[in-house]
Amino acid sequence: MTATETAVANPPRLKDAVWAALGTVRDQELDEPVTTLGFVASCAVSYDGRALIRLRLPTYFCAPNFAFLMVADAYDAVTGVPGVHSAEVILEDHFASDAINAGVAARAGFAASFDGEAVAELDELRAAFLRKAVLAGTDLVCRPLASTGFTPAELAALTLGAVPASPELARLRQRRADLGLPAGDTAPLLIDPQTGARVEPDAVPLHLRKAKLTRTGIEANTSICSGMLRARYPAQATDNSKKPAMMASG
């Protein structure tokens, strides 16, 4: 344990605010918060506003671009919390952790952090995963409607404002907004996540099949990653419903 970790305490209100901020950080591929996935190994906050976050992943060889996004997003989320004056976000047990941790701390970007290996930033990768999240969210919203008898033509005619409110609908709206796609009440329920164009009635069945396949793929990957994380860290709980990682103050 380092001197920095030993000095870190957990003031309850600021600690909770930092944890809530981490809850907004998603694994881009799985579209789930890193807190619920168990990717936050520890979180500690001092009374003078220093945050120390340790992250972990299911395998030593998880793709470095995904890992970089997670660490960078966690850093941005935590440093944006009022009362946090400095933050250190450390990815542990990963083959590229040194490059990722140093690059995020220096705000160097992905390409500079992997100089000679990476040629571009990760904006398109993030957008690609958001498009998948939109498709998966479309399935979650449309399946209950289809089960009650909505036809493809009726689904094509629906707007977001005409769909009953639900957590799934709110999530779909947010993912669409994150992509810059129409997300207001008058926006069509069914759109092409690449272009934002309304899906025509004759294309609805294929669109919904793609949405279902995308959703099941994400859920399968989430299950696999959860199992691998439990196998990798068998002595550490991965259920964060009681925020166990935040209870240890060093």
# chains A, B, ... in the order shown; residues from 1 in each chain; ligands from 1
call {"tool": "select_by_dssp", "arguments": {"residues": "region 35-241 of chain A", "states": "strand (DSSP E or B)", "output": "ChimeraX atom specification"}}
result
/A:40-45,50-55,86-91,159,188,191,198
call {"tool": "residues_around", "arguments": {"residues": "region 10-20 of chain A", "least_positions_apart": "4", "cutoff": "6 Å", "atoms": "only C-alpha atoms", "output": "list in words"}}
result
Ala44, Val45, Ser46, Tyr47, Val78 and Ser249 of chain A
call {"tool": "closest_residue", "arguments": {"among": "A:Leu206, A:Ala108, A:Leu135, A:Ala41", "to": "Leu172 (chain A)", "atoms": "only C-alpha atoms"}}
result
A:Leu135
call {"tool": "select_by_dssp", "arguments": {"residues": "region 25-58 of chain A", "states": "helix (DSSP H, G or I)", "output": "list in words"}}
result
Val34, Thr35, Thr36 and Leu37 of chain A
call {"tool": "closest_atom_pairs", "arguments": {"of": "region 117-234 of chain A", "to": "region 22-35 of chain A", "cutoff": "6 Å", "atoms": "only C-alpha atoms", "output": "JSON lines"}}
result
{"residue": "A:Phe129", "atom": "CA", "partner": "A:Glu29", "partner_atom": "CA", "distance": 5.9}
{"residue": "A:Ile218", "atom": "CA", "partner": "A:Leu30", "partner_atom": "CA", "distance": 5.7}
{"residue": "A:Thr222", "atom": "CA", "partner": "A:Leu30", "partner_atom": "CA", "distance": 5.9}
call {"tool": "write_last_selection", "arguments": {"atoms": "N, CA, C and O atoms", "output": "PDB file, in the first residue's frame"}}
result
ATOM      1  N   PHE A 129     -20.083   1.801 -30.989  1.00  0.00           N
ATOM      2  CA  PHE A 129     -20.727   1.126 -29.865  1.00  0.00           C
ATOM      3  C   PHE A 129     -22.037   1.807 -29.474  1.00  0.00           C
ATOM      4  O   PHE A 129     -22.982   1.139 -29.049  1.00  0.00           O
ATOM      5  N   ILE A 218     -24.921  -8.362 -27.006  1.00  0.00           N
ATOM      6  CA  ILE A 218     -24.404  -7.563 -25.894  1.00  0.00           C
ATOM      7  C   ILE A 218     -24.642  -8.282 -24.570  1.00  0.00           C
ATOM      8  O   ILE A 218     -23.744  -8.335 -23.708  1.00  0.00           O
ATOM      9  N   THR A 222     -21.815  -9.611 -21.963  1.00  0.00           N
ATOM     10  CA  THR A 222     -21.842  -9.178 -20.562  1.00  0.00           C
ATOM     11  C   THR A 222     -21.756 -10.368 -19.622  1.00  0.00           C
ATOM     12  O   THR A 222     -21.016 -10.347 -18.629  1.00  0.00           O
TER      13      THR A 222
END
call {"tool": "residues_around", "arguments": {"residues": "Val134 (chain A)", "least_positions_apart": "2", "cutoff": "12 Å", "atoms": "only C-alpha atoms", "output": "JSON, numbers by chain"}}
result
{"A": [31, 127, 128, 129, 130, 131, 132, 136, 137, 138, 139, 140, 141, 142, 168, 169, 170, 171, 172, 173, 174, 175, 176, 177, 178, 179, 180, 181, 182, 183, 189, 190, 191, 192, 193, 194, 196, 207, 208, 210, 211, 212, 214, 215, 218]}
call {"tool": "atom_distance", "arguments": {"atom1": "CA of Leu91 (chain A)", "atom2": "CA of Gln236 (chain A)"}}
result
16.4 Å
call {"tool": "residues_around", "arguments": {"residues": "Thr79 (chain A)", "least_positions_apart": "4", "cutoff": "12 Å", "atoms": "only C-alpha atoms", "output": "ChimeraX atom specification"}}
result
/A:14,17-19,21-22,45,49-53,72-75,83-89,105
call {"tool": "atom_distance", "arguments": {"atom1": "CA of Cys225 (chain A)", "atom2": "CA of Val81 (chain A)"}}
result
28.8 Å
call {"tool": "closest_residue", "arguments": {"among": "A:Thr216, A:Thr159, A:Thr36, A:Thr151", "to": "Arg198 (chain A)", "atoms": "only C-alpha atoms"}}
result
A:Thr159
call {"tool": "residues_around", "arguments": {"residues": "Phe39 (chain A)", "least_positions_apart": "5", "cutoff": "7 Å", "atoms": "only C-alpha atoms", "output": "number ranges by chain"}}
result
A: 34, 55-57
call {"tool": "residues_around", "arguments": {"residues": "Asp98 (chain A)", "least_positions_apart": "3", "cutoff": "12 Å", "atoms": "only C-alpha atoms", "output": "MDAnalysis selection string"}}
result
chainID A and resid 64 67:68 71 89:95 101:105 113:114
call {"tool": "write_last_selection", "arguments": {"atoms": "C-alpha atoms", "output": "compact mmCIF listing (two decimals), in the first residue's frame"}}
result
# COMPACT_ATOMS: atom_id res chain seq x y z
CA PRO A 64 -6.39 -1.48 -24.95
CA ALA A 67 -9.60 0.00 -21.59
CA PHE A 68 -8.37 3.48 -22.48
CA VAL A 71 -10.06 4.94 -17.72
CA VAL A 89 -7.36 6.66 -11.89
CA ILE A 90 -5.32 3.49 -12.08
CA LEU A 91 -6.00 0.48 -14.29
CA GLU A 92 -4.57 -2.63 -12.66
CA ASP A 93 -3.51 -6.04 -13.96
CA HIS A 94 -3.56 -5.14 -17.67
CA PHE A 95 -0.76 -5.55 -20.18
CA ASN A 101 -2.50 5.24 -16.88
CA ALA A 102 0.26 7.61 -17.96
CA GLY A 103 -1.63 8.76 -21.04
CA VAL A 104 -4.84 9.49 -19.17
CA ALA A 105 -3.00 11.30 -16.38
CA SER A 113 -0.33 7.32 -25.46
CA PHE A 114 0.38 4.51 -27.93
call {"tool": "decode", "arguments": {"residues": "region 134-145 of chain A", "atoms": "N, CA, C and O atoms", "output": "short mmCIF file (atom, residue, chain, number, x, y, z; two decimals), in the first residue's frame"}}
result
data_model
loop_
_atom_site.label_atom_id
_atom_site.label_comp_id
_atom_site.auth_asym_id
_atom_site.auth_seq_id
_atom_site.Cartn_x
_atom_site.Cartn_y
_atom_site.Cartn_z
N VAL A 134 -28.03 1.77 -29.44
CA VAL A 134 -29.31 2.24 -29.94
C VAL A 134 -30.13 1.08 -30.49
O VAL A 134 -31.33 0.96 -30.22
N LEU A 135 -29.48 0.21 -31.25
CA LEU A 135 -30.20 -0.96 -31.77
C LEU A 135 -30.69 -1.86 -30.64
O LEU A 135 -31.85 -2.29 -30.64
N ALA A 136 -29.82 -2.14 -29.67
CA ALA A 136 -30.23 -2.98 -28.55
C ALA A 136 -31.36 -2.34 -27.77
O ALA A 136 -32.32 -3.01 -27.36
N GLY A 137 -31.28 -1.04 -27.57
CA GLY A 137 -32.35 -0.32 -26.86
C GLY A 137 -33.65 -0.33 -27.63
O GLY A 137 -34.74 -0.38 -27.04
N THR A 138 -33.56 -0.29 -28.95
CA THR A 138 -34.76 -0.37 -29.78
C THR A 138 -35.48 -1.69 -29.56
O THR A 138 -36.71 -1.74 -29.46
N ASP A 139 -34.72 -2.77 -29.46
CA ASP A 139 -35.34 -4.08 -29.20
C ASP A 139 -36.04 -4.09 -27.84
O ASP A 139 -37.17 -4.58 -27.72
N LEU A 140 -35.39 -3.54 -26.84
CA LEU A 140 -35.98 -3.54 -25.50
C LEU A 140 -37.27 -2.75 -25.45
O LEU A 140 -38.20 -3.10 -24.70
N VAL A 141 -37.34 -1.67 -26.22
CA VAL A 141 -38.55 -0.85 -26.23
C VAL A 141 -39.64 -1.45 -27.11
O VAL A 141 -40.83 -1.41 -26.76
N CYS A 142 -39.25 -2.05 -28.23
CA CYS A 142 -40.24 -2.51 -29.20
C CYS A 142 -40.83 -3.87 -28.89
O CYS A 142 -41.98 -4.15 -29.27
N ARG A 143 -40.08 -4.74 -28.24
CA ARG A 143 -40.61 -6.08 -27.97
C ARG A 143 -41.90 -6.06 -27.18
O ARG A 143 -42.86 -6.78 -27.53
N PRO A 144 -42.02 -5.28 -26.10
CA PRO A 144 -43.31 -5.24 -25.39
C PRO A 144 -44.44 -4.69 -26.27
O PRO A 144 -45.59 -5.15 -26.15
N LEU A 145 -44.13 -3.74 -27.13
CA LEU A 145 -45.15 -3.20 -28.02
C LEU A 145 -45.61 -4.24 -29.02
O LEU A 145 -46.82 -4.42 -29.25
#
